[in-house]
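> Quick one: the structure is below, and I'll ask about it shortly.
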Amino acid sequence: MESTFTESGLSRLGLTWTYTLFLFLVPASIYGLDRLFSLTPDAREPPLVKPTIPIIGHLIGIIRHQSQYYTKIWNKYQLPITTLPILGGRLYIVNTPDLIATVQKQHKALSFHILSITSTINLGIMSDQASEALWANSGGDENENSLLRDGMATIHAGLKTGAAKMNLVAAETVLKSLDELDERGEVEIDLWKWAENCISLGATNALYGPENPHKDPAVAKGMMHYITNANPLLLGFLPRILSPKACNGLDVVVQAFKQYYGSDDYTKGSDLTQGRQRILTSYNLSLEDLARFETLMGLAGLVNSVPTSLWALYHVFSDPALLARVRTIVEAQTVSSDSGRKKTINLGRLAEDPYLRGVIYEALRFHSHGAGARAVVEDTLINDKFLVKKGTNLLMPYHSLHFHSETWGPTVDDFDPGRFMPDAKHKLSSTAFRGFGGGTNMCPAKNFATMEILGMVTMMVSRFDLVPREGRWVDPRDASPNMIGVITSPKDSVMVKVVRRKEVEDLEWCFAVAKE
Ligand code: HEM
């Protein structure tokens with residue numbers, strides 16, 4: 001499969017324009033332009049950081065430096081929360097873990113879901129009927145039904161009741177990818193391309209079962225084209241002109257899911273998939289909209305998992321001390337049987353190992369360049385002190401938060417999975433790390449994704465050495481941030497030779513997934 005998770009064709013400039021416009025168009029479309037632009041500053045609002053060039057200075061800064069711009073502002077002013085005036089409106093930036101904790105608690109007034117409704121409608125190019133159903137009672141009484149709340153509840157419930165089966169299917173798929181790699185003998189691969197394929201197939205098999213539409217390479221390729229080029233769709237207009245590639249990819253996936261939901265294929269899918277089918281049809285949505293919703297579910301499942309897996313592999317294999325430590329941990333949870341011919345990796349236990357989980361968290365900490373975004377639905381006081389005004393947006397940029405030396409201590413720049421261990425010297429607050437979000441909107445698939453990626457990493461370190469083509473590991477650098485994800489993809493491809501480890505050659509491998 002062609003690798004599409006590396007640097008996309010979109011220019012950095014285009015991406016950032018899209019991002020900035022999205023942040024303004026969403027409140028403007030909900031509250032009206034006059035509301036957005038007529039806000040008069042209030043003394044209780046977070047300190048204003050004036051741009052050097054009035055009105056557009058910050059915009060130019062964001063376009064030039066992207067998420068690093070927030071880090072620059074943070075480094076210069078060290079303000080826990082700021083107001084950036086842009087184009088006559090304002091954007092609030094929240095920088096510190098204690099304030100983020102308060103934002104998370106006020107999840108109704110500072111809403112993730114308002115933004116997620118808008119992005120669902122725009123990214124999925126949903127019908128008017130589906131859009132209306134999404135907005136209906138979305139901010140209303142929590143006890144009343146709404147597609148938004150019922151849909152989210154179904155995802156959360158499905159990931160709970162179906163966790164064991166999903167973990168098993170993902171692990172089996174990952175194992176198959178590793179077995180196939182083994183069969184190819186000493187071979188050079190594009191590591192990103194390989195991991196993208198391995199993780200995408202694992203996650204989608206787990207979601208959709210034996211009739212998984214993503215098993216068709218054309219659908220998998222369509223999905224990757226869609227994810228990689230979807231940013232301009234967020235604007236919600238002229239989708240086919242602004243991103244024909246994304247639309248073409250979306251068409252292919254939607255077609256495949258119409259077939260999946262139009263037949264009984266979905267009845268062999270996960271609890272989550274079957275639950276979604278039930279809930280979406282109960283709102284009388286068309287097969288077309290069902291397929292579009294499902295494409296977005298796939299997007300949520302892959303947009304972060306794939307790049308996280310790529311970076312985890314890169315960091316582990318490019319650091320000999322880290323590789324040795326990971327191997328020691330994995331070996332301690334690997335059992336030999338059949339006179340030493342069979343090895344079983346206890347993935348259930350390894351997925352709970354704080355050091356290995358730390359590998360995933362560090363990959364996310366290092367390469368997350370997006371920002372948690374919240375729509376301010378009503379005037380709200382943060383920490384009883386800072387007023388944020390209805391009709392604006394608030395950002396919690398990941399990179400500045402994840403590289404704040406006071407929060408992370410003197411080793412902030414080191415890739416150190418041990419910092420997440422319970423006995424780490426430097427104690428972290430629970431909101432210091434936001435790789436999986438936090439509070440009510442914490443990623444419901446955090447454990448599923450962590451286990452799948454750790455399955456790939458632990459099986460890879462057990463069986464293979466990876467020898468980079470250049471003779472040494474070269475940092476493939478972060479690509480432009482993908483606004484719809486948390487973590488960036490690598491900019492460059494990494495070609496490695498896969499060499500079987502002599503001491504474990506010709507053995508049969510498997511996973512034990514259930515916790516014992
Ligand atoms: C390494 C992999 C992943 C990462 C880093 C990740 C990250 C995140 C983050 C940061 C959020 C919350 C956004 C916020 O608070 O601003 C989130 C929410 C969500 N994620 Fe993930 N995610 C991953 C994998 C997955 C997978 C595999 C699925 C589905 C199978 C998934 C489904 C969702 C859903 C449905 C939400 C919305 C939750 C809600 O609002 O209640 N994620 N994810």
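We label chains A, B, ... in the order they appear in the structure tokens, count residues from 1 in each chain, and number ligands from 1 in the order shown.
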Considering only alpha helix (DSSP H) as DSSP defines it on the backbone, what residues of stretch 95-154 of chain A qualify? List them as number ranges by chain.

A: 97-105, 112-124, 128-135, 147-154

> Within 8 Å of ligand 1, which residues of chain A come that close, and what is the closest atom pair and distance in Å for each? Count only C-alpha atoms and all ligand atoms and give it as a Markdown table.


```
| residue | atom | partner | partner_atom_place_in_ligand_line | distance |
| --- | --- | --- | --- | --- |
| A:Phe112 | CA | ligand 1 | 16 (O) | 6.4 |
| A:His113 | CA | ligand 1 | 40 (O) | 6.4 |
| A:Ser116 | CA | ligand 1 | 40 (O) | 7.9 |
| A:Met152 | CA | ligand 1 | 41 (O) | 5.7 |
| A:Ala153 | CA | ligand 1 | 41 (O) | 7.7 |
| A:Ile155 | CA | ligand 1 | 35 (C) | 6.2 |
| A:His156 | CA | ligand 1 | 41 (O) | 7.2 |
| A:Leu159 | CA | ligand 1 | 30 (C) | 7.7 |
| A:Ala203 | CA | ligand 1 | 27 (C) | 6.5 |
| A:Leu207 | CA | ligand 1 | 30 (C) | 7.1 |
| A:Met297 | CA | ligand 1 | 29 (C) | 6.5 |
| A:Gly298 | CA | ligand 1 | 29 (C) | 7.1 |
| A:Ala300 | CA | ligand 1 | 31 (C) | 4.8 |
| A:Gly301 | CA | ligand 1 | 27 (C) | 3.6 |
| A:Leu302 | CA | ligand 1 | 27 (C) | 6.0 |
| A:Val303 | CA | ligand 1 | 23 (C) | 7.5 |
| A:Asn304 | CA | ligand 1 | 2 (C) | 4.5 |
| A:Ser305 | CA | ligand 1 | 2 (C) | 3.7 |
| A:Val306 | CA | ligand 1 | 1 (C) | 7.2 |
| A:Pro307 | CA | ligand 1 | 1 (C) | 7.7 |
| A:Thr308 | CA | ligand 1 | 1 (C) | 5.4 |
| A:Ser309 | CA | ligand 1 | 1 (C) | 7.5 |
| A:Ile360 | CA | ligand 1 | 1 (C) | 7.7 |
| A:Leu364 | CA | ligand 1 | 5 (C) | 6.6 |
| A:Ala371 | CA | ligand 1 | 16 (O) | 7.2 |
| A:Gly372 | CA | ligand 1 | 16 (O) | 3.9 |
| A:Ala373 | CA | ligand 1 | 16 (O) | 5.8 |
| A:Arg374 | CA | ligand 1 | 16 (O) | 7.4 |
| A:Arg434 | CA | ligand 1 | 10 (C) | 6.4 |
| A:Gly435 | CA | ligand 1 | 10 (C) | 5.3 |
| A:Phe436 | CA | ligand 1 | 10 (C) | 3.8 |
| A:Gly437 | CA | ligand 1 | 10 (C) | 3.7 |
| A:Gly438 | CA | ligand 1 | 15 (O) | 5.4 |
| A:Gly439 | CA | ligand 1 | 15 (O) | 7.4 |
| A:Thr440 | CA | ligand 1 | 41 (O) | 6.3 |
| A:Asn441 | CA | ligand 1 | 40 (O) | 4.1 |
| A:Met442 | CA | ligand 1 | 12 (C) | 5.0 |
| A:Cys443 | CA | ligand 1 | 17 (C) | 3.7 |
| A:Pro444 | CA | ligand 1 | 33 (C) | 5.7 |
| A:Ala445 | CA | ligand 1 | 26 (C) | 4.7 |
| A:Lys446 | CA | ligand 1 | 23 (C) | 5.9 |
| A:Phe448 | CA | ligand 1 | 27 (C) | 6.5 |
| A:Ala449 | CA | ligand 1 | 27 (C) | 4.9 |
| A:Thr450 | CA | ligand 1 | 1 (C) | 6.4 |
| A:Ile453 | CA | ligand 1 | 1 (C) | 7.9 |
| A:Gly485 | CA | ligand 1 | 7 (C) | 7.4 |
| A:Val486 | CA | ligand 1 | 10 (C) | 6.0 |
| A:Ile487 | CA | ligand 1 | 5 (C) | 6.8 |
```

> Would you please work out which residue, of A:Arg463, A:Arg184, A:Lys108, A:Arg278, is nearest to A:Arg327 when using only C-alpha atoms?

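Of A:Arg463, A:Arg184, A:Lys108, A:Arg278, the one nearest A:Arg327, counting only C-alpha atoms, is A:Arg463.
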
> Find the residues near stretch 314-319 of chain A: any atom within 12 Å, counting only C-alpha atoms, skip ones fewer than 2 places away on the same chain, and give them as a ChimeraX atom specification.

/A:190-192,195,307-312,321-327,356,358-364,366-367,414-417,454,456-458,460-462,464-468,471-477,489-490,493-496,498

> Rounded to one decimal, what separation in Å do you get between atom CA of A:Ala109 and atom CA of A:Ser67?

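Separation between atom CA of A:Ala109 and atom CA of A:Ser67: 24.7 Å.
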
> What is the atom CA of A:Gly391 to atom CA of A:Ser368 distance in Å?

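These atoms are spaced 26.7 Å apart.
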
> Go through A:Pro213, A:Gly88, A:Ala130, A:Asp98 one by one, measure the shortest atom-to-atom distance of each to A:Leu428 using only C-alpha atoms, and give the residue with the smallest value.

A:Asp98
